[in-house]
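Next comes my_file.tsv, a file with TSV, C-alpha atoms and all ligand atoms.
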chain	number	residue	atom	x	y	z
A	1	MET	CA	9.25	24.07	-6.38
A	2	THR	CA	6.27	21.73	-6.53
A	3	ARG	CA	6.48	18.17	-7.83
A	4	LYS	CA	4.59	19.24	-10.97
A	5	GLU	CA	6.90	22.18	-11.67
A	6	TYR	CA	9.89	19.93	-11.14
A	7	ILE	CA	8.58	17.34	-13.61
A	8	ILE	CA	7.98	20.04	-16.24
A	9	LYS	CA	11.49	21.36	-15.69
A	10	GLN	CA	13.06	17.92	-16.03
A	11	LYS	CA	11.08	17.23	-19.18
A	12	LYS	CA	12.32	20.50	-20.70
A	13	MET	CA	15.86	19.40	-19.85
A	14	GLY	CA	15.33	16.30	-21.97
A	15	ARG	CA	14.79	13.79	-19.17
A	16	HIS	CA	12.34	10.94	-19.39
A	17	ILE	CA	9.79	10.91	-16.59
A	18	PHE	CA	8.67	7.58	-15.15
A	19	GLY	CA	5.87	7.04	-12.67
A	20	VAL	CA	7.20	4.55	-10.11
A	21	PHE	CA	4.92	2.69	-7.73
A	22	PRO	CA	6.05	1.69	-4.22
A	23	ALA	CA	8.40	0.79	-2.85
A	24	GLN	CA	11.99	-0.34	-3.54
A	25	TYR	CA	13.51	-0.23	-7.04
A	26	PRO	CA	16.98	0.21	-8.55
A	27	ARG	CA	16.75	3.98	-8.83
A	28	GLU	CA	20.44	4.21	-9.87
A	29	ILE	CA	19.70	2.44	-13.16
A	30	LEU	CA	16.94	4.92	-13.94
A	31	TRP	CA	19.07	7.93	-13.01
A	32	ALA	CA	21.89	6.62	-15.20
A	33	MET	CA	19.52	6.24	-18.15
A	34	ASN	CA	18.41	9.87	-17.96
A	35	VAL	CA	15.12	9.04	-16.25
A	36	ALA	CA	13.61	11.08	-13.44
A	37	PRO	CA	11.66	8.55	-11.36
A	38	VAL	CA	8.61	10.12	-9.76
A	39	GLU	CA	7.19	7.92	-7.03
A	40	ILE	CA	3.44	7.52	-6.67
A	41	TRP	CA	2.47	6.92	-3.02
A	42	ASP	CA	-0.39	9.15	-1.94
A	43	PRO	CA	-1.43	11.73	-4.54
A	44	PRO	CA	-3.98	14.14	-3.03
A	45	LEU	CA	-7.00	13.20	-5.14
A	46	GLU	CA	-10.66	12.50	-4.66
A	47	ILE	CA	-11.49	8.97	-5.81
A	48	THR	CA	-13.97	9.13	-8.67
A	49	GLY	CA	-13.11	6.33	-11.10
A	50	ALA	CA	-10.72	3.89	-9.41
A	51	ASN	CA	-13.37	2.11	-7.34
A	52	ALA	CA	-14.97	0.73	-10.49
A	53	HIS	CA	-11.79	-1.25	-11.20
A	54	LEU	CA	-10.92	-2.41	-7.70
A	55	GLN	CA	-12.33	-4.49	-4.89
A	56	PRO	CA	-13.59	-2.37	-1.95
A	57	TYR	CA	-11.01	-3.79	0.47
A	58	ILE	CA	-7.91	-2.51	-1.30
A	59	CYS	CA	-5.42	-0.07	0.21
A	60	SER	CA	-5.57	3.57	-0.76
A	61	VAL	CA	-1.99	3.56	-2.12
A	62	VAL	CA	-3.29	1.44	-4.98
A	63	LYS	CA	-6.61	3.29	-5.20
A	64	LEU	CA	-4.97	6.71	-5.41
A	65	GLY	CA	-2.30	5.51	-7.85
A	66	LEU	CA	-4.93	4.18	-10.21
A	67	GLU	CA	-7.01	7.31	-9.80
A	68	LEU	CA	-4.01	9.40	-10.78
A	69	ILE	CA	-3.77	7.47	-14.03
A	70	LEU	CA	-7.51	7.47	-14.72
A	71	GLN	CA	-7.71	11.24	-14.22
A	72	GLY	CA	-5.12	11.66	-16.98
A	73	LYS	CA	-2.51	13.06	-14.63
A	74	CYS	CA	0.11	10.61	-15.90
A	75	ASP	CA	-0.49	11.30	-19.58
A	76	ASP	CA	2.82	13.13	-19.97
A	77	LEU	CA	4.88	10.39	-18.38
A	78	ASP	CA	7.21	8.27	-20.51
A	79	GLY	CA	6.59	5.02	-18.70
A	80	PHE	CA	5.73	3.24	-15.47
A	81	LEU	CA	7.71	0.97	-13.22
A	82	PHE	CA	5.91	-1.50	-10.97
A	83	PRO	CA	8.12	-3.13	-8.34
A	84	HIS	CA	6.62	-6.36	-7.02
A	85	THR	CA	6.07	-4.99	-3.55
A	86	CYS	CA	2.88	-6.84	-2.69
A	87	ASP	CA	-0.11	-8.54	-4.32
A	88	SER	CA	-2.00	-5.26	-4.46
A	89	ILE	CA	0.69	-3.51	-6.49
A	90	GLN	CA	0.97	-6.59	-8.65
A	91	ASN	CA	-2.77	-6.43	-9.37
A	92	LEU	CA	-2.52	-2.75	-10.13
A	93	ALA	CA	0.27	-3.50	-12.60
A	94	SER	CA	-2.02	-5.97	-14.39
A	95	ILE	CA	-4.91	-3.53	-14.53
A	96	VAL	CA	-2.74	-0.77	-15.96
A	97	ASN	CA	-0.75	-2.89	-18.36
A	98	ASP	CA	-3.33	-5.43	-19.50
A	99	TYR	CA	-6.72	-3.80	-19.21
A	100	LEU	CA	-6.57	-0.02	-19.39
A	101	GLY	CA	-5.19	0.01	-22.91
A	102	MET	CA	-2.57	2.61	-22.04
A	103	GLU	CA	-0.03	3.14	-24.72
A	104	LYS	CA	2.80	3.59	-22.32
A	105	PRO	CA	5.67	1.28	-21.57
A	106	CYS	CA	5.19	-0.58	-18.30
A	107	TYR	CA	8.19	-2.21	-16.64
A	108	PHE	CA	8.12	-4.70	-13.81
A	109	PHE	CA	10.70	-5.40	-11.20
A	110	TYR	CA	10.56	-8.59	-9.17
A	111	HIS	CA	12.49	-8.75	-5.91
A	112	PRO	CA	13.29	-12.03	-4.25
A	113	LYS	CA	11.56	-12.48	-0.92
A	114	ALA	CA	13.06	-13.88	2.28
A	115	PRO	CA	14.39	-16.34	3.28
A	116	PHE	CA	17.28	-15.46	0.99
A	117	ARG	CA	19.59	-18.06	-0.49
A	118	ASP	CA	22.44	-17.96	-3.00
A	119	SER	CA	19.88	-18.36	-5.75
A	120	SER	CA	18.11	-15.18	-4.54
A	121	ARG	CA	21.23	-13.21	-5.27
A	122	ILE	CA	21.56	-14.67	-8.75
A	123	PHE	CA	17.87	-13.97	-9.36
A	124	TYR	CA	18.24	-10.35	-8.21
A	125	MET	CA	21.33	-9.70	-10.33
A	126	GLU	CA	19.54	-11.14	-13.36
A	127	HIS	CA	16.58	-8.89	-12.77
A	128	LEU	CA	18.75	-5.80	-12.43
A	129	LYS	CA	20.47	-6.56	-15.72
A	130	GLY	CA	17.21	-7.63	-17.35
A	131	LEU	CA	15.57	-4.34	-16.42
A	132	ALA	CA	18.50	-2.38	-17.87
A	133	ALA	CA	18.27	-4.44	-21.07
A	134	LEU	CA	14.54	-3.78	-21.43
A	135	LEU	CA	14.94	-0.07	-20.75
A	136	LYS	CA	17.67	0.08	-23.38
A	137	GLN	CA	15.08	-0.54	-26.10
A	138	GLN	CA	13.29	2.68	-25.13
A	139	LEU	CA	16.11	4.80	-23.73
A	140	GLY	CA	19.34	3.65	-25.36
A	141	PRO	CA	22.23	1.75	-23.81
A	142	LEU	CA	23.22	2.05	-20.17
A	143	ASP	CA	26.52	3.87	-19.71
A	144	PHE	CA	28.47	1.82	-17.16
A	145	SER	CA	30.58	4.72	-15.87
A	146	LYS	CA	27.44	6.85	-15.48
A	147	LEU	CA	25.88	4.00	-13.51
A	148	ASN	CA	28.93	3.97	-11.23
A	149	GLN	CA	28.51	7.70	-10.63
A	150	CYS	CA	24.83	7.21	-9.84
A	151	VAL	CA	25.60	4.43	-7.36
A	152	GLU	CA	28.00	6.85	-5.68
A	153	GLN	CA	25.31	9.54	-5.58
A	154	GLY	CA	22.95	6.99	-4.04
A	155	ARG	CA	25.57	6.44	-1.30
A	156	GLN	CA	25.77	10.19	-0.67
A	157	VAL	CA	21.99	10.44	-0.34
A	158	THR	CA	21.96	7.53	2.10
A	159	SER	CA	24.82	8.95	4.12
A	160	LEU	CA	23.06	12.31	4.55
A	161	LEU	CA	19.78	10.64	5.45
A	162	ARG	CA	21.55	8.45	7.98
A	163	GLU	CA	23.16	11.51	9.58
A	164	LEU	CA	19.77	13.20	9.82
A	165	TYR	CA	18.16	10.11	11.32
A	166	ASN	CA	21.00	9.72	13.83
A	167	MET	CA	20.77	13.36	14.88
A	168	ARG	CA	17.03	13.03	15.32
A	169	ALA	CA	17.35	9.85	17.38
A	170	SER	CA	19.78	11.61	19.73
A	171	GLY	CA	17.53	14.65	20.08
A	172	GLU	CA	19.89	16.94	18.17
A	173	ILE	CA	17.54	18.28	15.56
A	174	SER	CA	15.33	21.30	15.99
A	175	ALA	CA	13.08	20.62	12.99
A	176	SER	CA	9.51	19.66	13.72
A	177	ASN	CA	8.10	16.28	12.73
A	178	VAL	CA	6.22	17.94	9.87
A	179	GLN	CA	9.36	19.68	8.57
A	180	PHE	CA	11.45	16.52	8.81
A	181	TYR	CA	9.12	14.40	6.68
A	182	ARG	CA	8.43	17.24	4.25
A	183	VAL	CA	12.14	17.28	3.39
A	184	ILE	CA	12.67	13.51	3.41
A	185	ARG	CA	9.72	12.96	1.11
A	186	GLN	CA	11.14	15.34	-1.52
A	187	GLY	CA	13.40	12.42	-2.36
A	188	GLU	CA	10.35	10.74	-3.88
A	189	PHE	CA	10.79	12.92	-6.97
A	190	LEU	CA	14.01	14.95	-6.75
A	191	LEU	CA	17.07	13.68	-8.58
A	192	PRO	CA	20.19	13.34	-6.42
A	193	ASP	CA	21.72	16.51	-7.96
A	194	ASP	CA	18.88	18.41	-6.33
A	195	PHE	CA	18.15	16.22	-3.31
A	196	ILE	CA	21.73	16.17	-1.98
A	197	PRO	CA	22.00	19.99	-1.61
A	198	LEU	CA	18.52	20.10	-0.07
A	199	LEU	CA	19.52	17.51	2.54
A	200	GLU	CA	22.82	19.31	3.25
A	201	GLU	CA	21.04	22.59	3.75
A	202	PHE	CA	18.41	21.00	6.00
A	203	LEU	CA	21.09	19.28	8.05
A	204	THR	CA	22.90	22.53	8.72
A	205	ALA	CA	19.76	24.56	9.32
A	206	SER	CA	18.14	22.13	11.72
A	207	LYS	CA	21.05	21.38	14.03
A	208	GLY	CA	19.84	22.14	17.53
A	209	ARG	CA	17.89	20.75	20.44
A	210	SER	CA	14.80	18.68	19.82
A	211	VAL	CA	11.59	19.30	21.77
A	212	ALA	CA	11.82	18.03	25.33
A	213	GLY	CA	8.66	15.91	25.22
A	214	PRO	CA	8.47	12.11	25.02
A	215	ALA	CA	9.88	10.29	22.01
A	216	VAL	CA	8.02	7.74	19.89
A	217	ILE	CA	8.74	5.53	16.90
A	218	LEU	CA	6.32	5.50	13.98
A	219	SER	CA	5.84	2.27	12.06
A	220	GLY	CA	3.84	1.53	8.94
A	221	VAL	CA	3.95	2.30	5.24
A	222	LEU	CA	4.27	6.07	5.05
A	223	PRO	CA	3.71	9.19	7.18
A	224	ASN	CA	0.12	9.78	6.13
A	225	PRO	CA	-2.31	11.23	7.13
A	226	PRO	CA	0.08	14.14	7.63
A	227	GLU	CA	-2.18	15.42	10.40
A	228	ILE	CA	-0.67	12.81	12.72
A	229	LEU	CA	2.66	14.63	12.48
A	230	THR	CA	1.01	17.97	13.13
A	231	LEU	CA	-0.79	16.56	16.15
A	232	LEU	CA	2.41	15.06	17.57
A	233	ASP	CA	4.14	18.41	17.07
A	234	GLU	CA	1.33	20.17	18.90
A	235	LEU	CA	1.56	17.68	21.76
A	236	GLY	CA	5.33	18.21	22.03
A	237	VAL	CA	6.17	14.65	20.98
A	238	ARG	CA	9.38	13.90	19.12
A	239	VAL	CA	9.22	11.26	16.44
A	240	ALA	CA	12.65	9.89	17.27
A	241	ASP	CA	12.82	7.36	14.47
A	242	ASP	CA	10.62	5.48	12.08
A	243	ASP	CA	10.01	2.06	10.64
A	244	PHE	CA	8.16	3.26	7.55
A	245	LEU	CA	8.36	1.33	4.32
A	246	SER	CA	8.62	4.59	2.39
A	247	CYS	CA	11.35	5.96	4.69
A	248	SER	CA	13.86	4.13	6.89
A	249	ARG	CA	13.17	0.59	5.65
A	250	ARG	CA	14.28	1.41	2.13
A	251	LEU	CA	16.36	4.57	2.60
A	252	LEU	CA	18.72	3.67	5.43
A	253	VAL	CA	20.56	0.93	3.63
A	254	PRO	CA	24.11	-0.14	4.48
A	255	PHE	CA	26.83	0.80	2.02
A	256	SER	CA	28.41	-1.69	-0.27
A	257	GLN	CA	32.07	-1.35	-1.21
A	258	ALA	CA	31.61	-3.54	-4.28
A	259	ARG	CA	33.20	-1.98	-7.34
A	260	ASP	CA	30.75	-3.46	-9.78
A	261	PRO	CA	27.63	-1.25	-9.66
A	262	PHE	CA	25.24	-4.20	-10.10
A	263	GLU	CA	26.99	-6.04	-7.27
A	264	ALA	CA	26.75	-2.92	-5.13
A	265	MET	CA	23.01	-2.59	-5.79
A	266	ALA	CA	22.44	-6.26	-5.03
A	267	GLU	CA	24.43	-6.13	-1.79
A	268	THR	CA	22.46	-3.10	-0.72
A	269	TYR	CA	19.15	-4.81	-1.41
A	270	PHE	CA	19.98	-7.86	0.67
A	271	ALA	CA	21.24	-5.70	3.53
A	272	MET	CA	18.11	-3.55	3.70
A	273	PRO	CA	16.30	-3.35	7.03
A	274	PRO	CA	13.62	-5.98	7.60
A	275	CYS	CA	10.29	-5.34	5.95
A	276	THR	CA	6.92	-7.02	5.57
A	277	THR	CA	7.14	-6.66	1.79
A	278	LYS	CA	10.40	-8.63	1.71
A	279	GLY	CA	9.00	-11.45	3.82
A	280	SER	CA	11.23	-10.68	6.84
A	281	SER	CA	10.53	-12.65	9.99
A	282	ILE	CA	8.86	-11.19	13.05
A	283	ASP	CA	12.07	-11.72	15.04
A	284	GLU	CA	14.08	-9.62	12.60
A	285	ARG	CA	11.48	-6.91	12.68
A	286	LEU	CA	11.38	-6.92	16.47
A	287	ASN	CA	15.16	-6.69	16.71
A	288	TYR	CA	15.11	-3.78	14.30
A	289	LEU	CA	12.40	-2.01	16.30
A	290	PHE	CA	14.14	-2.63	19.63
A	291	GLY	CA	17.37	-1.27	18.16
A	292	LYS	CA	15.54	1.91	17.25
A	293	ILE	CA	13.85	2.15	20.64
A	294	GLU	CA	17.14	1.70	22.49
A	295	GLY	CA	18.98	4.11	20.21
A	296	SER	CA	16.46	6.88	20.67
A	297	GLY	CA	14.98	6.39	24.13
A	298	ALA	CA	11.50	6.14	22.62
A	299	ARG	CA	8.74	5.28	25.06
A	300	GLY	CA	6.35	3.74	22.62
A	301	VAL	CA	5.52	2.78	19.05
A	302	ILE	CA	2.64	4.11	17.00
A	303	PHE	CA	1.60	1.79	14.18
A	304	ASP	CA	0.23	4.20	11.61
A	305	MET	CA	-1.48	1.74	9.29
A	306	VAL	CA	-2.88	2.18	5.83
A	307	LYS	CA	-6.31	0.56	5.85
A	308	PHE	CA	-6.33	-2.83	4.08
A	309	CYS	CA	-2.54	-3.04	3.82
A	310	GLU	CA	-2.26	-6.80	4.09
A	311	PRO	CA	1.51	-7.21	4.49
A	312	GLU	CA	1.59	-4.84	7.46
A	313	LEU	CA	-1.60	-6.14	9.04
A	314	PHE	CA	-0.21	-9.67	9.20
A	315	ASP	CA	2.67	-8.59	11.47
A	316	VAL	CA	1.14	-5.97	13.71
A	317	PRO	CA	-0.69	-8.18	16.26
A	318	GLN	CA	2.49	-10.11	17.05
A	319	LEU	CA	4.67	-7.01	17.15
A	320	VAL	CA	2.24	-5.30	19.52
A	321	LYS	CA	2.12	-8.35	21.79
A	322	GLU	CA	5.92	-8.62	22.02
A	323	LEU	CA	6.40	-4.89	22.57
A	324	LYS	CA	3.79	-4.87	25.32
A	325	GLU	CA	5.43	-7.83	27.01
A	326	ARG	CA	8.62	-5.81	27.17
A	327	GLY	CA	6.78	-2.93	28.80
A	328	LEU	CA	6.49	-0.63	25.81
A	329	ALA	CA	3.42	1.38	24.99
A	330	THR	CA	1.83	0.81	21.59
A	331	LEU	CA	-0.95	2.41	19.63
A	332	VAL	CA	-2.42	1.08	16.40
A	333	ILE	CA	-4.37	3.42	14.19
A	334	ASP	CA	-5.54	2.74	10.70
A	335	SER	CA	-6.86	5.24	8.25
A	336	GLU	CA	-7.35	5.95	4.58
A	337	LEU	CA	-4.66	8.14	3.07
A	338	ASN	CA	-5.28	11.89	2.92
A	339	GLN	CA	-8.50	11.62	4.94
A	340	GLY	CA	-7.18	13.46	7.98
A	341	LEU	CA	-7.48	12.28	11.56
A	342	SER	CA	-10.99	11.70	12.84
A	343	GLY	CA	-11.95	13.12	16.22
A	344	GLN	CA	-11.78	9.61	17.63
A	345	LEU	CA	-8.24	9.01	16.34
A	346	ASN	CA	-7.22	12.40	17.64
A	347	THR	CA	-8.44	11.46	21.10
A	348	ARG	CA	-6.68	8.09	20.99
A	349	VAL	CA	-3.36	9.72	20.06
A	350	GLU	CA	-3.78	12.30	22.83
A	351	ALA	CA	-4.54	9.57	25.38
A	352	PHE	CA	-1.48	7.59	24.24
A	353	VAL	CA	0.76	10.64	24.60
A	354	GLU	CA	-0.64	11.33	28.07
A	355	MET	CA	0.14	7.76	29.05
A	356	ILE	CA	3.79	7.88	27.91
A	357	SER	CA	4.44	11.37	29.26
B	1	LIG	S1	-0.10	0.02	1.39
B	1	LIG	FE1	0.40	-2.14	1.74
B	1	LIG	S2	-0.95	-3.28	0.38
B	1	LIG	FE2	-0.93	-1.14	-0.32
B	1	LIG	S3	0.67	-1.02	-1.85
B	1	LIG	FE3	1.63	-0.51	0.06
B	1	LIG	S4	2.45	-2.43	0.89
B	1	LIG	FE4	0.96	-2.95	-0.73
As structure tokens, how would this structure be written, given the file I've shared?
Amino acid sequence: MTRKEYIIKQKKMGRHIFGVFPAQYPREILWAMNVAPVEIWDPPLEITGANAHLQPYICSVVKLGLELILQGKCDDLDGFLFPHTCDSIQNLASIVNDYLGMEKPCYFFYHPKAPFRDSSRIFYMEHLKGLAALLKQQLGPLDFSKLNQCVEQGRQVTSLLRELYNMRASGEISASNVQFYRVIRQGEFLLPDDFIPLLEEFLTASKGRSVAGPAVILSGVLPNPPEILTLLDELGVRVADDDFLSCSRRLLVPFSQARDPFEAMAETYFAMPPCTTKGSSIDERLNYLFGKIEGSGARGVIFDMVKFCEPELFDVPQLVKELKERGLATLVIDSELNQGLSGQLNTRVEAFVEMIS
């Protein structure tokens, strides 16, 4: 079922559909309030109108998200949620809410950034509860026991994803790189009732030996252009793990045993893997990357950058330097989303793979 068909189905079932911009947000609150959050990362569109509203040096996550709205493809949505991921998303939120004259509720979610203190926790809890209170005006009150169930479903999703990631890191998954991310990314719009069985089925079906070629880690915002995955498959390379904002950094979160669902969500947020958009230090990010490299036997890291993504670009030079000093191969590529891999990028990836083979 396509994303569009799924949205239509959910709407018919009486669910509210929200367009959610990257990256991390309290999905459990939305699920519990009968909302199907549909994440907007890289819709496959040609840019026709967005450039008139944006500076030329903006990332294509923002450009494509705005284009989706301008082309009227969000007209049937019941609202938008803008997490404060970075300045670019923040600017997009202003354009949509303040200047486009859209008659749609826009919600904002502000995460505290590192370094975290006690006050960060209080701030986060207040924002979780504040968001629920604002949503209540449109959607009705939040059912506490339903929220508890949704937090539990969130744990199940995480547990299945973790199992899949662990299997992949140990070379025990027969799925290709393309297949792996195709399934993982369904979580960007499927509700847990539908995502959990999909993950279970994929887990069972893909148990087996991974390709024998060299292993790499992918780092960046999201696995796009998808052609990079196809190329790595063709070259017999196993993506053994990732450090993508859209994937492991926000999906592989530690469990919280807290009984209060808000406490559990807060604990999970503060225990998330390090990320540029949370203000994590380079040391934390390096430790995280080295943990992944050691756990998977990867021989190198490919930084698959979205052009003009400021938060990521700040860290990459230092990460590359440190990785190289420890004898690891690195490759940095940057491209616009959905624009494929140029011949030059293709050649650079092939040369990198030859080097680590
Ligand atoms: S790609 Fe980078 S700059 Fe663009 S929205 Fe994502 S984190 Fe922000």
Would you list the residues that come within 10 Å of ligand LIG 1 (chain B)? Count only C-alpha atoms and all ligand atoms and give the answer as number ranges by chain. A: 21-23, 41-42, 58-63, 65, 84-92, 220-222, 245-246, 275-277, 305-313, 336-337
Find the smallest box with edges along x, y and z containing every listed atom of segment 194-203 of chain A, then add 3 Å on each side and report centre and edge lengths in Å to one decimal, as lines of an AutoDock Vina configuration file.
center_x = 20.5
center_y = 19.4
center_z = 0.9
size_x = 10.7
size_y = 12.4
size_z = 20.4
Tell me, as number ranges by chain, which residues lie within 10 Å of Glu267 of chain A, counting all atoms listed in the file; anything in the same chain fewer than 3 positions away does not count. A: 121, 124-125, 253-258, 261-264, 270-272
For atom CA of Arg162 of chain A and atom CA of Ala298 of chain A, the interatomic separation in Å (one decimal): 17.9 Å
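Straight-line separation from atom CA of Val349 of chain A to atom CA of Gly187 of chain A: 28.1 Å.
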Atom-to-atom span, atom CA of Leu131 of chain A and atom CA of Met33 of chain A, Å: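 Between these atoms lies a distance of 11.4 Å.
Comparing A:Ser357, A:Pro112, A:Thr347, A:Asn148 by their smallest distance to Ala329 of chain A, the closest is A:Ser357 (using only C-alpha atoms).
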Residue nearest Phe123 of chain A among A:Val157, A:Ala266, A:Met102, A:Val332 (counting all atoms listed in the file):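 Among the listed residues, the smallest separation from Phe123 of chain A belongs to A:Ala266.
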Residues within 9 Å of segment 1-5 of chain A, all atoms listed in the file, excluding chain neighbours under 3 positions, as an mmCIF file with C-alpha atoms, keeping the file's coordinate frame:
data_model
loop_
_atom_site.group_PDB
_atom_site.id
_atom_site.type_symbol
_atom_site.label_atom_id
_atom_site.label_comp_id
_atom_site.auth_asym_id
_atom_site.auth_seq_id
_atom_site.Cartn_x
_atom_site.Cartn_y
_atom_site.Cartn_z
ATOM 1 C CA ILE A 8 7.980 20.040 -16.240
ATOM 2 C CA LYS A 9 11.490 21.360 -15.690
ATOM 3 C CA GLN A 10 13.060 17.920 -16.030
ATOM 4 C CA VAL A 38 8.610 10.120 -9.760
ATOM 5 C CA GLN A 186 11.140 15.340 -1.520
ATOM 6 C CA PHE A 189 10.790 12.920 -6.970
ATOM 7 C CA LEU A 190 14.010 14.950 -6.750
#
Neighbours of segment 227-243 of chain A within 6 Å (all atoms listed in the file; same-chain residues fewer than 6 positions away dropped), as a PyMOL selection string? chain A and resi 168-169+177-178+213-219+296+340
With distances taken over only C-alpha atoms, which of A:Val20, A:Thr158, A:Pro225, A:Arg249 is nearest to Asn346 of chain A?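 When distances to Asn346 of chain A are compared using only C-alpha atoms, the smallest one comes from A:Pro225.
Of the listed residues A:Leu54, A:Leu30, A:Leu128, A:Ile282, the one whose atoms come nearest to Phe80 of chain A is A:Leu30, with distances taken using all atoms listed in the file.
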Could you write segment 145-157 of chain A as an mmCIF file, keeping the file's coordinate frame, with N, CA, C and O atoms rebuilt where they are missing?
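In the end it all went to result_12.cif:
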data_model
loop_
_atom_site.group_PDB
_atom_site.id
_atom_site.type_symbol
_atom_site.label_atom_id
_atom_site.label_comp_id
_atom_site.auth_asym_id
_atom_site.auth_seq_id
_atom_site.Cartn_x
_atom_site.Cartn_y
_atom_site.Cartn_z
ATOM 1 N N SER A 145 29.902 3.773 -16.783
ATOM 2 C CA SER A 145 30.580 4.720 -15.870
ATOM 3 C C SER A 145 29.559 5.681 -15.264
ATOM 4 O O SER A 145 29.681 6.110 -14.113
ATOM 5 N N LYS A 146 28.502 5.997 -16.033
ATOM 6 C CA LYS A 146 27.440 6.850 -15.480
ATOM 7 C C LYS A 146 26.721 6.097 -14.349
ATOM 8 O O LYS A 146 26.380 6.677 -13.315
ATOM 9 N N LEU A 147 26.532 4.796 -14.552
ATOM 10 C CA LEU A 147 25.880 4.000 -13.510
ATOM 11 C C LEU A 147 26.720 4.013 -12.229
ATOM 12 O O LEU A 147 26.201 4.167 -11.125
ATOM 13 N N ASN A 148 28.043 3.903 -12.403
ATOM 14 C CA ASN A 148 28.930 3.970 -11.230
ATOM 15 C C ASN A 148 28.762 5.294 -10.491
ATOM 16 O O ASN A 148 28.711 5.331 -9.267
ATOM 17 N N GLN A 149 28.681 6.373 -11.260
ATOM 18 C CA GLN A 149 28.510 7.700 -10.630
ATOM 19 C C GLN A 149 27.177 7.756 -9.863
ATOM 20 O O GLN A 149 27.085 8.315 -8.778
ATOM 21 N N CYS A 150 26.150 7.164 -10.484
ATOM 22 C CA CYS A 150 24.830 7.210 -9.840
ATOM 23 C C CYS A 150 24.806 6.370 -8.560
ATOM 24 O O CYS A 150 24.152 6.738 -7.582
ATOM 25 N N VAL A 151 25.520 5.246 -8.582
ATOM 26 C CA VAL A 151 25.600 4.430 -7.360
ATOM 27 C C VAL A 151 26.284 5.267 -6.268
ATOM 28 O O VAL A 151 25.866 5.268 -5.102
ATOM 29 N N GLU A 152 27.306 6.009 -6.651
ATOM 30 C CA GLU A 152 28.000 6.850 -5.680
ATOM 31 C C GLU A 152 27.067 7.942 -5.144
ATOM 32 O O GLU A 152 27.054 8.234 -3.949
ATOM 33 N N GLN A 153 26.275 8.512 -6.037
ATOM 34 C CA GLN A 153 25.310 9.540 -5.580
ATOM 35 C C GLN A 153 24.287 8.923 -4.623
ATOM 36 O O GLN A 153 23.878 9.558 -3.652
ATOM 37 N N GLY A 154 23.887 7.687 -4.943
ATOM 38 C CA GLY A 154 22.950 6.990 -4.040
ATOM 39 C C GLY A 154 23.569 6.853 -2.656
ATOM 40 O O GLY A 154 22.890 7.023 -1.637
ATOM 41 N N ARG A 155 24.888 6.567 -2.609
ATOM 42 C CA ARG A 155 25.570 6.440 -1.300
ATOM 43 C C ARG A 155 25.545 7.766 -0.551
ATOM 44 O O ARG A 155 25.350 7.820 0.655
ATOM 45 N N GLN A 156 25.756 8.854 -1.311
ATOM 46 C CA GLN A 156 25.770 10.190 -0.670
ATOM 47 C C GLN A 156 24.404 10.498 -0.066
ATOM 48 O O GLN A 156 24.298 11.020 1.045
ATOM 49 N N VAL A 157 23.350 10.187 -0.841
ATOM 50 C CA VAL A 157 21.990 10.440 -0.340
ATOM 51 C C VAL A 157 21.782 9.657 0.960
ATOM 52 O O VAL A 157 21.338 10.185 1.979
#
